[in-house]
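J.: Just passing along the structure, written as structure tokens.
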Amino acid sequence: MWNLGTGEVTVILVCALVAVWTTIVWVVPFRQPVLGGDFIQFYTFGTAARLGDWTIQYDWPAFHALQVSLVPTSDPHFYPPTYPPLVPGLYAALSLLPFPAAYASWVLFSSVMYGGLIAIAARGCVSVSRRHVLMACLLFPPFVAHQTIGQSTIWPLLGFVSGWWALTQSRPLAAGLVLSVVAIKPHLGMALAIVLLTMRLWRIVGGVLLGLAFQAGITVAVCGREAVVAYFTTTLRVLGDTTLIEPKDERFTHALRMSLESLVPHGVATIGWLAASTFFGWLVVSVWRHSEDWALRISALLLATLLISPHVLAYDAILLAPATLWLACWAASTRQAAVLVGLIVLAVAFVIPSARLWGIPLTLPLMGWLLWRCRAVQYWKPPNGKIVARGDLASVVA
């Protein structure tokens, strides 16, 4: 091991930050109309919410017309949004600014949120300074992609990390409440539903349902029933034809289902995806049954989330930031070099279009292997130095 001083580590991290951000922003071809291209749809969301139009996001031609009126250069890019009706309200304040300023404000806000979440997740995990932890987390390639494109997976990340923290404090109901935030992107909650129902964690389930009920009530009160009906109609339409929301450029897609559909007929791909999802669900439930540490449990859950979700793009891998931190901590403390290498390769592979074999993203087998390694852990040193006592675990299950 190299014995590096604090100053030397800082210099290395600064150089790495410049190299990684420059490479991803200028070399990786995301094919966006402008920097932060995906943020255009959220900027349009905010404008619609500010104007009191909560249904336009489900009228895709009308939404596109409003989008082009706000950002004329985005005309060639069509966004088919299917978010819950209340989501545009999250961006209403940003819509008061010109688009470049709004995008810059979103990058700053989401970066601060991301840094805070990683700082929470990293408590007691590593022996280096907090400054170095935060600098290192900014190197995570999916985070760079998330910010460059201007995406919104930071919201589900908020739900997962906050839920982890609440569970470490033996507060299952509160954990469920904050985990309900994942519903902003409902497809990212599939693995969570499998785990909670299979494990019969009814207090967490109750918190999730309470949080969803609150969101539903606010949605009806603010957006109106018409918006709710339009949301469900659009959701059913997309479930019937998932290609409606998949990007035309498939190089940055990482969903198992979409990968299978590129190789075999739709029906066969669906069967294969369901079979694989059942297997991954069994793996993550097995981890939860054999481990009492919430860091390992949530790490496995986040891996399963991206393996099971039918819609995964490079920026969605920002969800793996806390899992990467926790698993790297465990691997370093137990000299699991293969796991460390796997985590690094996985993070980089998410933003490299050519990291595919026969059309299948290499990220899929890598995540599957890491999930299997979580199940195979014989010794787990909790990053926060705490193990949930059996009595506490029983109180969560009850």
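Following the order of the structure tokens, chains are lettered A, B, ..., residues in each are numbered from 1, and ligands are numbered from 1.
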Give me the residues within 12 Å of His266 in chain A as JSON, numbers by chain, counting only C-alpha atoms and dropping any in the same chain fewer than 4 places off.

T.: {"A": [240, 241, 242, 243, 257, 258, 259, 260, 261, 262, 270, 271, 272, 273]}

J.: Restricting it to N, CA and C atoms, dump the selection as a PDB file, in the first residue's frame.

T.:
ATOM      1  N   GLY A 240     -48.010  -1.030 -22.258  1.00  0.00           N
ATOM      2  CA  GLY A 240     -48.364  -1.820 -23.434  1.00  0.00           C
ATOM      3  C   GLY A 240     -47.330  -1.743 -24.537  1.00  0.00           C
ATOM      4  N   ASP A 241     -46.557  -0.657 -24.550  1.00  0.00           N
ATOM      5  CA  ASP A 241     -45.512  -0.484 -25.565  1.00  0.00           C
ATOM      6  C   ASP A 241     -44.373   0.322 -24.956  1.00  0.00           C
ATOM      7  N   THR A 242     -43.417  -0.374 -24.341  1.00  0.00           N
ATOM      8  CA  THR A 242     -42.325   0.299 -23.629  1.00  0.00           C
ATOM      9  C   THR A 242     -41.397   1.048 -24.566  1.00  0.00           C
ATOM     10  N   THR A 243     -41.429   0.737 -25.865  1.00  0.00           N
ATOM     11  CA  THR A 243     -40.549   1.442 -26.797  1.00  0.00           C
ATOM     12  C   THR A 243     -40.903   2.926 -26.910  1.00  0.00           C
ATOM     13  N   ARG A 257     -34.342  -5.916 -19.608  1.00  0.00           N
ATOM     14  CA  ARG A 257     -35.472  -6.191 -20.490  1.00  0.00           C
ATOM     15  C   ARG A 257     -35.233  -5.637 -21.887  1.00  0.00           C
ATOM     16  N   MET A 258     -34.785  -4.412 -21.982  1.00  0.00           N
ATOM     17  CA  MET A 258     -34.545  -3.818 -23.287  1.00  0.00           C
ATOM     18  C   MET A 258     -33.435  -4.557 -24.024  1.00  0.00           C
ATOM     19  N   SER A 259     -32.424  -5.018 -23.291  1.00  0.00           N
ATOM     20  CA  SER A 259     -31.330  -5.762 -23.916  1.00  0.00           C
ATOM     21  C   SER A 259     -31.842  -7.064 -24.513  1.00  0.00           C
ATOM     22  N   LEU A 260     -32.710  -7.739 -23.782  1.00  0.00           N
ATOM     23  CA  LEU A 260     -33.277  -8.990 -24.281  1.00  0.00           C
ATOM     24  C   LEU A 260     -34.162  -8.743 -25.502  1.00  0.00           C
ATOM     25  N   GLU A 261     -34.917  -7.630 -25.486  1.00  0.00           N
ATOM     26  CA  GLU A 261     -35.809  -7.339 -26.607  1.00  0.00           C
ATOM     27  C   GLU A 261     -35.046  -7.018 -27.886  1.00  0.00           C
ATOM     28  N   SER A 262     -33.775  -6.630 -27.743  1.00  0.00           N
ATOM     29  CA  SER A 262     -32.960  -6.374 -28.932  1.00  0.00           C
ATOM     30  C   SER A 262     -32.425  -7.667 -29.538  1.00  0.00           C
ATOM     31  N   THR A 270     -39.861 -10.934 -22.553  1.00  0.00           N
ATOM     32  CA  THR A 270     -40.624 -10.711 -21.328  1.00  0.00           C
ATOM     33  C   THR A 270     -40.490 -11.885 -20.374  1.00  0.00           C
ATOM     34  N   ILE A 271     -40.588 -13.097 -20.915  1.00  0.00           N
ATOM     35  CA  ILE A 271     -40.439 -14.299 -20.084  1.00  0.00           C
ATOM     36  C   ILE A 271     -39.042 -14.354 -19.483  1.00  0.00           C
ATOM     37  N   GLY A 272     -38.034 -14.070 -20.307  1.00  0.00           N
ATOM     38  CA  GLY A 272     -36.656 -14.079 -19.810  1.00  0.00           C
ATOM     39  C   GLY A 272     -36.429 -13.042 -18.737  1.00  0.00           C
ATOM     40  N   TRP A 273     -37.013 -11.845 -18.951  1.00  0.00           N
ATOM     41  CA  TRP A 273     -36.868 -10.768 -17.959  1.00  0.00           C
ATOM     42  C   TRP A 273     -37.545 -11.144 -16.641  1.00  0.00           C
TER      43      TRP A 273
END

J.: So that I can see what lies close to Ile184 in chain A, please list as an NGL selection string the residues with an atom at most 12 Å from it, counting only C-alpha atoms and leaving out residues fewer than 6 positions away in the same chain.

T.: :A and (82-90 or 152-159 or 178 or 211-212 or 215-216)

J.: Find the spatial neighbours of Gln41 in chain A, counting only C-alpha atoms, within a cut-off of 12 Å - ignore same-chain residues fewer than 4 positions away - and output them as a compact mmCIF listing (two decimals) with all heavy atoms, in the first residue's frame.

T.:
# COMPACT_ATOMS: atom_id res chain seq x y z
N PRO A 33 -29.14 18.16 -27.28
CA PRO A 33 -29.25 19.41 -28.05
C PRO A 33 -28.38 20.52 -27.48
O PRO A 33 -27.83 21.32 -28.22
CB PRO A 33 -30.74 19.75 -27.95
CG PRO A 33 -31.22 19.02 -26.73
CD PRO A 33 -30.41 17.76 -26.68
N GLY A 36 -26.85 19.63 -20.70
CA GLY A 36 -28.00 19.48 -19.82
C GLY A 36 -29.29 19.27 -20.59
O GLY A 36 -30.36 19.69 -20.14
N GLY A 37 -29.19 18.59 -21.73
CA GLY A 37 -30.34 18.45 -22.62
C GLY A 37 -31.57 17.84 -21.99
O GLY A 37 -32.69 18.25 -22.30
N PHE A 45 -41.51 21.13 -17.56
CA PHE A 45 -42.37 20.71 -16.45
C PHE A 45 -42.68 21.90 -15.54
O PHE A 45 -43.83 22.18 -15.20
CB PHE A 45 -41.67 19.65 -15.60
CG PHE A 45 -41.83 18.24 -16.07
CD1 PHE A 45 -41.13 17.23 -15.46
CD2 PHE A 45 -42.68 17.91 -17.11
CE1 PHE A 45 -41.27 15.92 -15.88
CE2 PHE A 45 -42.83 16.62 -17.54
CZ PHE A 45 -42.12 15.61 -16.93
N GLY A 46 -41.59 22.55 -15.11
CA GLY A 46 -41.74 23.64 -14.15
C GLY A 46 -42.57 24.78 -14.70
O GLY A 46 -43.39 25.37 -13.98
N THR A 47 -42.38 25.07 -15.98
CA THR A 47 -43.16 26.13 -16.60
C THR A 47 -44.64 25.77 -16.62
O THR A 47 -45.51 26.60 -16.29
CB THR A 47 -42.67 26.37 -18.04
OG1 THR A 47 -41.29 26.74 -18.01
CG2 THR A 47 -43.48 27.48 -18.70
N ALA A 48 -44.95 24.52 -16.98
CA ALA A 48 -46.35 24.07 -17.02
C ALA A 48 -46.98 24.14 -15.63
O ALA A 48 -48.13 24.56 -15.46
CB ALA A 48 -46.43 22.65 -17.57
N ILE A 56 -50.50 18.75 -19.31
CA ILE A 56 -49.83 18.89 -20.61
C ILE A 56 -48.70 17.88 -20.79
O ILE A 56 -48.38 17.50 -21.91
CB ILE A 56 -49.29 20.33 -20.78
CG1 ILE A 56 -48.87 20.57 -22.23
CG2 ILE A 56 -48.14 20.59 -19.81
CD1 ILE A 56 -48.48 22.00 -22.53
N GLN A 57 -48.11 17.41 -19.68
CA GLN A 57 -47.01 16.46 -19.83
C GLN A 57 -47.48 15.14 -20.43
O GLN A 57 -46.67 14.37 -20.96
CB GLN A 57 -46.31 16.21 -18.49
CG GLN A 57 -47.15 15.51 -17.45
CD GLN A 57 -46.29 14.97 -16.30
OE1 GLN A 57 -45.29 14.30 -16.50
NE2 GLN A 57 -46.70 15.30 -15.07
N TRP A 60 -48.30 14.67 -25.37
CA TRP A 60 -46.92 14.81 -25.83
C TRP A 60 -46.72 15.83 -26.94
O TRP A 60 -45.75 16.60 -26.90
CB TRP A 60 -46.38 13.42 -26.24
CG TRP A 60 -46.25 12.50 -25.06
CD1 TRP A 60 -46.26 12.85 -23.73
CD2 TRP A 60 -46.11 11.08 -25.09
NE1 TRP A 60 -46.14 11.73 -22.94
CE2 TRP A 60 -46.03 10.63 -23.74
CE3 TRP A 60 -46.04 10.14 -26.10
CZ2 TRP A 60 -45.89 9.29 -23.40
CZ3 TRP A 60 -45.89 8.79 -25.78
CH2 TRP A 60 -45.82 8.38 -24.43
N PHE A 63 -46.89 19.18 -25.21
CA PHE A 63 -45.72 19.34 -24.37
C PHE A 63 -44.50 19.72 -25.22
O PHE A 63 -43.72 20.60 -24.85
CB PHE A 63 -45.45 18.04 -23.61
CG PHE A 63 -44.29 18.11 -22.64
CD1 PHE A 63 -44.47 18.61 -21.36
CD2 PHE A 63 -43.02 17.69 -23.01
CE1 PHE A 63 -43.41 18.69 -20.46
CE2 PHE A 63 -41.95 17.76 -22.13
CZ PHE A 63 -42.15 18.26 -20.85
N HIS A 64 -44.37 19.07 -26.38
CA HIS A 64 -43.24 19.37 -27.26
C HIS A 64 -43.33 20.81 -27.76
O HIS A 64 -42.30 21.51 -27.85
CB HIS A 64 -43.23 18.39 -28.44
CG HIS A 64 -42.07 18.59 -29.36
ND1 HIS A 64 -40.78 18.23 -29.03
CD2 HIS A 64 -41.99 19.14 -30.61
CE1 HIS A 64 -39.97 18.51 -30.03
NE2 HIS A 64 -40.68 19.08 -31.00
N ALA A 65 -44.53 21.26 -28.08
CA ALA A 65 -44.69 22.64 -28.56
C ALA A 65 -44.27 23.64 -27.49
O ALA A 65 -43.59 24.63 -27.78
CB ALA A 65 -46.14 22.87 -28.97
N LEU A 66 -44.65 23.40 -26.24
CA LEU A 66 -44.25 24.28 -25.14
C LEU A 66 -42.74 24.21 -24.95
O LEU A 66 -42.08 25.24 -24.74
CB LEU A 66 -44.96 23.86 -23.85
CG LEU A 66 -44.57 24.63 -22.58
CD1 LEU A 66 -44.86 26.12 -22.74
CD2 LEU A 66 -45.32 24.07 -21.36
N GLN A 67 -42.18 23.03 -25.04
CA GLN A 67 -40.74 22.83 -24.90
C GLN A 67 -39.97 23.65 -25.93
O GLN A 67 -39.00 24.36 -25.59
CB GLN A 67 -40.43 21.34 -25.07
CG GLN A 67 -38.99 21.00 -25.35
CD GLN A 67 -38.84 19.63 -25.97
OE1 GLN A 67 -39.49 18.68 -25.55
NE2 GLN A 67 -37.99 19.51 -26.98
N VAL A 68 -40.39 23.58 -27.18
CA VAL A 68 -39.69 24.30 -28.25
C VAL A 68 -39.85 25.81 -28.09
O VAL A 68 -38.93 26.59 -28.40
CB VAL A 68 -40.22 23.85 -29.63
CG1 VAL A 68 -39.62 24.69 -30.74
CG2 VAL A 68 -39.90 22.38 -29.85
N LEU A 70 -39.82 27.33 -25.36
CA LEU A 70 -38.91 27.71 -24.29
C LEU A 70 -37.45 27.57 -24.69
O LEU A 70 -36.62 28.43 -24.37
CB LEU A 70 -39.18 26.85 -23.04
CG LEU A 70 -40.56 27.02 -22.40
CD1 LEU A 70 -40.78 25.95 -21.33
CD2 LEU A 70 -40.71 28.41 -21.79
N VAL A 71 -37.13 26.46 -25.39
CA VAL A 71 -35.76 26.19 -25.84
C VAL A 71 -35.81 25.81 -27.32
O VAL A 71 -35.92 24.62 -27.64
CB VAL A 71 -35.10 25.06 -25.01
CG1 VAL A 71 -33.62 24.92 -25.39
CG2 VAL A 71 -35.24 25.32 -23.52
N SER A 74 -34.14 22.75 -29.06
CA SER A 74 -34.51 21.39 -28.67
C SER A 74 -35.55 20.78 -29.59
O SER A 74 -36.01 19.66 -29.34
CB SER A 74 -35.06 21.39 -27.24
OG SER A 74 -36.33 22.03 -27.17
N ASP A 75 -35.92 21.46 -30.66
CA ASP A 75 -36.99 20.99 -31.55
C ASP A 75 -36.77 19.55 -32.05
O ASP A 75 -37.72 18.75 -32.09
CB ASP A 75 -37.13 21.94 -32.74
CG ASP A 75 -38.34 21.59 -33.60
OD1 ASP A 75 -39.31 21.03 -33.07
OD2 ASP A 75 -38.31 21.88 -34.80
N HIS A 77 -35.56 17.10 -30.60
CA HIS A 77 -35.56 16.13 -29.50
C HIS A 77 -36.95 16.05 -28.88
O HIS A 77 -37.51 17.05 -28.42
CB HIS A 77 -34.52 16.50 -28.45
CG HIS A 77 -33.12 16.39 -28.96
ND1 HIS A 77 -32.33 15.29 -28.72
CD2 HIS A 77 -32.39 17.23 -29.72
CE1 HIS A 77 -31.16 15.46 -29.31
NE2 HIS A 77 -31.17 16.64 -29.92
N PHE A 78 -37.49 14.85 -28.88
CA PHE A 78 -38.86 14.61 -28.40
C PHE A 78 -38.81 13.87 -27.07
O PHE A 78 -38.21 12.80 -26.96
CB PHE A 78 -39.62 13.78 -29.44
CG PHE A 78 -41.08 13.61 -29.10
CD1 PHE A 78 -42.00 14.63 -29.34
CD2 PHE A 78 -41.53 12.43 -28.54
CE1 PHE A 78 -43.35 14.47 -29.04
CE2 PHE A 78 -42.88 12.25 -28.23
CZ PHE A 78 -43.78 13.28 -28.48
N TYR A 79 -39.43 14.43 -26.04
CA TYR A 79 -39.47 13.82 -24.72
C TYR A 79 -40.89 13.32 -24.43
O TYR A 79 -41.82 14.13 -24.38
CB TYR A 79 -39.06 14.82 -23.64
CG TYR A 79 -37.67 15.40 -23.83
CD1 TYR A 79 -37.49 16.65 -24.42
CD2 TYR A 79 -36.54 14.70 -23.43
CE1 TYR A 79 -36.23 17.19 -24.60
CE2 TYR A 79 -35.26 15.23 -23.60
CZ TYR A 79 -35.11 16.48 -24.18
OH TYR A 79 -33.86 17.01 -24.36
N PRO A 80 -41.08 12.02 -24.22
CA PRO A 80 -42.41 11.50 -23.88
C PRO A 80 -42.52 11.29 -22.37
O PRO A 80 -42.35 10.18 -21.86
CB PRO A 80 -42.45 10.16 -24.63
CG PRO A 80 -41.01 9.72 -24.65
CD PRO A 80 -40.15 10.94 -24.59
N PRO A 81 -42.79 12.32 -21.58
CA PRO A 81 -42.77 12.19 -20.12
C PRO A 81 -43.93 11.36 -19.59
O PRO A 81 -45.05 11.41 -20.09
CB PRO A 81 -42.87 13.64 -19.63
CG PRO A 81 -43.53 14.37 -20.75
CD PRO A 81 -43.08 13.70 -22.01
N THR A 82 -43.63 10.60 -18.53
CA THR A 82 -44.65 9.77 -17.88
C THR A 82 -44.53 9.86 -16.37
O THR A 82 -44.86 8.91 -15.66
CB THR A 82 -44.50 8.29 -18.31
OG1 THR A 82 -43.16 7.85 -17.99
CG2 THR A 82 -44.72 8.12 -19.80
N TYR A 83 -44.06 10.97 -15.88
CA TYR A 83 -43.87 11.14 -14.43
C TYR A 83 -45.21 11.34 -13.73
O TYR A 83 -46.19 11.77 -14.35
CB TYR A 83 -42.97 12.34 -14.16
CG TYR A 83 -41.51 12.10 -14.48
CD1 TYR A 83 -41.01 12.25 -15.77
CD2 TYR A 83 -40.62 11.72 -13.48
CE1 TYR A 83 -39.67 12.03 -16.07
CE2 TYR A 83 -39.28 11.51 -13.76
CZ TYR A 83 -38.81 11.65 -15.06
OH TYR A 83 -37.49 11.43 -15.34
N VAL A 87 -44.82 15.87 -9.97
CA VAL A 87 -43.38 16.06 -10.16
C VAL A 87 -43.04 17.42 -10.76
O VAL A 87 -42.05 18.05 -10.33
CB VAL A 87 -42.80 14.92 -11.02
CG1 VAL A 87 -41.37 15.22 -11.44
CG2 VAL A 87 -42.85 13.60 -10.24
N PRO A 88 -43.79 17.95 -11.74
CA PRO A 88 -43.44 19.27 -12.28
C PRO A 88 -43.33 20.36 -11.23
O PRO A 88 -42.59 21.33 -11.41
CB PRO A 88 -44.59 19.56 -13.26
CG PRO A 88 -45.01 18.21 -13.73
CD PRO A 88 -44.89 17.33 -12.51
N TYR A 91 -39.95 21.66 -10.01
CA TYR A 91 -39.11 22.49 -10.88
C TYR A 91 -39.74 23.85 -11.19
O TYR A 91 -39.21 24.61 -12.00
CB TYR A 91 -38.82 21.75 -12.19
CG TYR A 91 -38.19 20.40 -11.97
CD1 TYR A 91 -38.97 19.24 -11.88
CD2 TYR A 91 -36.81 20.27 -11.83
CE1 TYR A 91 -38.39 18.00 -11.66
CE2 TYR A 91 -36.23 19.03 -11.61
CZ TYR A 91 -37.02 17.90 -11.53
OH TYR A 91 -36.45 16.67 -11.30
N SER A 95 -38.17 27.37 -13.27
CA SER A 95 -38.71 27.85 -14.55
C SER A 95 -38.79 29.36 -14.61
O SER A 95 -39.02 29.93 -15.68
CB SER A 95 -40.09 27.24 -14.80
OG SER A 95 -41.06 27.81 -13.93
N PHE A 99 -33.21 29.39 -19.32
CA PHE A 99 -32.81 27.99 -19.28
C PHE A 99 -31.37 27.77 -18.81
O PHE A 99 -31.14 26.92 -17.93
CB PHE A 99 -33.02 27.32 -20.64
CG PHE A 99 -32.53 25.89 -20.67
CD1 PHE A 99 -33.26 24.88 -20.06
CD2 PHE A 99 -31.32 25.57 -21.26
CE1 PHE A 99 -32.81 23.57 -20.05
CE2 PHE A 99 -30.86 24.27 -21.26
CZ PHE A 99 -31.61 23.26 -20.66
N TYR A 103 -30.62 25.54 -15.50
CA TYR A 103 -29.82 24.31 -15.53
C TYR A 103 -28.64 24.41 -14.56
O TYR A 103 -28.36 23.48 -13.81
CB TYR A 103 -29.32 24.04 -16.95
CG TYR A 103 -28.27 22.97 -17.03
CD1 TYR A 103 -28.52 21.67 -16.58
CD2 TYR A 103 -27.00 23.26 -17.54
CE1 TYR A 103 -27.54 20.69 -16.64
CE2 TYR A 103 -26.02 22.28 -17.60
CZ TYR A 103 -26.29 21.00 -17.16
OH TYR A 103 -25.32 20.03 -17.21
N ILE A 149 -26.16 15.57 -18.25
CA ILE A 149 -27.42 15.45 -18.99
C ILE A 149 -28.52 16.28 -18.33
O ILE A 149 -29.45 16.73 -19.00
CB ILE A 149 -27.84 13.96 -19.06
CG1 ILE A 149 -26.80 13.18 -19.86
CG2 ILE A 149 -29.20 13.80 -19.71
CD1 ILE A 149 -27.04 11.70 -19.89
N GLY A 150 -28.42 16.48 -17.02
CA GLY A 150 -29.45 17.24 -16.31
C GLY A 150 -30.62 16.37 -15.92
O GLY A 150 -31.78 16.75 -16.11
N GLN A 151 -30.34 15.21 -15.33
CA GLN A 151 -31.40 14.26 -15.02
C GLN A 151 -31.89 14.38 -13.57
O GLN A 151 -31.46 15.28 -12.83
CB GLN A 151 -30.93 12.83 -15.30
CG GLN A 151 -31.47 12.27 -16.62
CD GLN A 151 -32.98 12.10 -16.59
OE1 GLN A 151 -33.60 11.90 -15.55
NE2 GLN A 151 -33.59 12.17 -17.76
N SER A 152 -32.80 13.45 -13.17
CA SER A 152 -33.52 13.61 -11.91
C SER A 152 -33.48 12.38 -10.99
O SER A 152 -34.26 12.30 -10.06
CB SER A 152 -35.00 13.93 -12.20
OG SER A 152 -35.59 12.84 -12.92

J.: Which is closest to Leu343 in chain A among A:Pro100, A:Phe140, A:Trp288, A:Leu192, if we use only C-alpha atoms?

T.: A:Phe140

J.: If I take CA of Phe280 in chain A and CA of Leu371 in chain A, how far is one from the other in Å, to one decimal?

T.: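 It comes out at 8.1 Å.
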
J.: Just the residues within 12 Å of Ala355 in chain A, please, counting only C-alpha atoms, with nothing from its chain fewer than 6 positions along; format it as a list of chain:residue names.

T.: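 The filter keeps A:Arg251, A:Phe252, A:Thr253, A:His254, A:Ala314, A:Val345, A:Leu346, A:Ala347, A:Val348, A:Ala349, A:Pro361, A:Leu362, A:Thr363, A:Leu364, A:Pro365, A:Leu366.
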
J.: Nearest to Ser110 in chain A: which of A:Ile318, A:Val312, A:Leu306, A:Leu197 is it, counting only C-alpha atoms?

T.: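 Once distances to Ser110 in chain A are computed over only C-alpha atoms, the minimum belongs to A:Ile318.
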
J.: Excluding same-chain residues fewer than 2 positions from range 339-342 of chain A, what lies within 10 Å of it counting only C-alpha atoms, as a ChimeraX atom specification?

T.: /A:324,327-332,335-337,344-347,363,366-367,369-370,373

J.: Using Å and a single decimal, report how far CA of Leu138 in chain A sits from CA of Ser111 in chain A.

T.: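 Computed distance, CA of Ser111 in chain A to CA of Leu138 in chain A, equals 8.5 Å.
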
J.: For the helix (DSSP H, G or I) assignment from backbone DSSP, which residues of range 166-356 of chain A qualify? Please present them as a ChimeraX atom specification.

T.: /A:166-168,172-184,186-198,202-223,225-240,242-244,250-252,256-261,266-290,294-308,314-333,337-349
